[in-house]
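Engineer: I'd like to ask some things about the structure below.
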Amino acid sequence: MAEEEALEEEARRVIDALEALEQMEDPAAQARAISRVLRDQPARTKKLKQIRQDYVRQQRAAKVSYRKIAQALGVSAGTVQDIERGYSGSGRDRKRKLGEQQGAPDEPPA
């Protein structure tokens with residue numbers, strides 16, 4: 001329980017820092033600070049996603065179920081599967097299985 005509270009506190013500190021950016025009173029300073037954060041964000045997001053994917057893959061290698069991993073991460077089991085596969089976003093641009101492709105006929109060719 002104490003570990004979970006510590007994790008929540010760490011996430012809260014990051015969120016609070018972002019909210020502080022939004023509340024800055026000097027528009028020029030705010031814009032500069034936001035530019036700095038946005039410039040750093042793509043690399044940081046990539047690194048954070050990799051850390052999370054490594055965790056999921058380690059858990060799966062240890063035969064932990066998707067449901068248990070999902071519960072630990074606070075996401076759905078489907079999201080855990082997506083993380084394991086390296087997917088992110090809505091899934092709109094993902095490759096589909098044969099027959100699920102957009103525009104595939106409903107009936108087999110005659």
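Letters A, B, ... mark the chains of the structure tokens in the order given; residue numbers begin at 1 per chain; ligand numbers begin at 1, in order shown.
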So which residues of chain A fall under helix (DSSP H, G or I) by DSSP, listed as a PyMOL selection string?
Structural biologist: chain A and resi 2-22+27-61+66-73+77-85
Engineer: Which residue out of A:Ile34, A:Leu21, A:Val14, A:Val80 has the minimum interatomic distance to Gln59 (chain A) when only C-alpha atoms are used?
Structural biologist: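 Answer, going by the shortest atom-to-atom distance: A:Val80.
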Engineer: Tell me, in Å to one decimal, how far CA of Glu84 (chain A) is from CA of Arg60 (chain A).
Structural biologist: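 Taking CA of Glu84 (chain A) and CA of Arg60 (chain A), their separation equals 8.5 Å.
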Engineer: Please list as a list in words every residue within 10 Å of region 48-53 of chain A, counting only C-alpha atoms and excluding residues in the same chain fewer than 5 positions away.
Structural biologist: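 Final neighbour list, sorted by chain and number: Pro42, Ala43, Gln58, Gln59, Leu73, Val80, Gln81, Asp82, Ile83, Glu84, Arg85, Gly86, Tyr87 and Ser88 of chain A.
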Engineer: Record the distance separating CA of Tyr66 (chain A) and CA of Thr79 (chain A), expressed in Å with one decimal.
Structural biologist: 9.1 Å
Engineer: Find the distance between CA of Ile69 (chain A) and CA of Thr45 (chain A) and write it in Å to one decimal.
Structural biologist: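 Atom-to-atom, CA of Ile69 (chain A) to CA of Thr45 (chain A), that is 20.6 Å.
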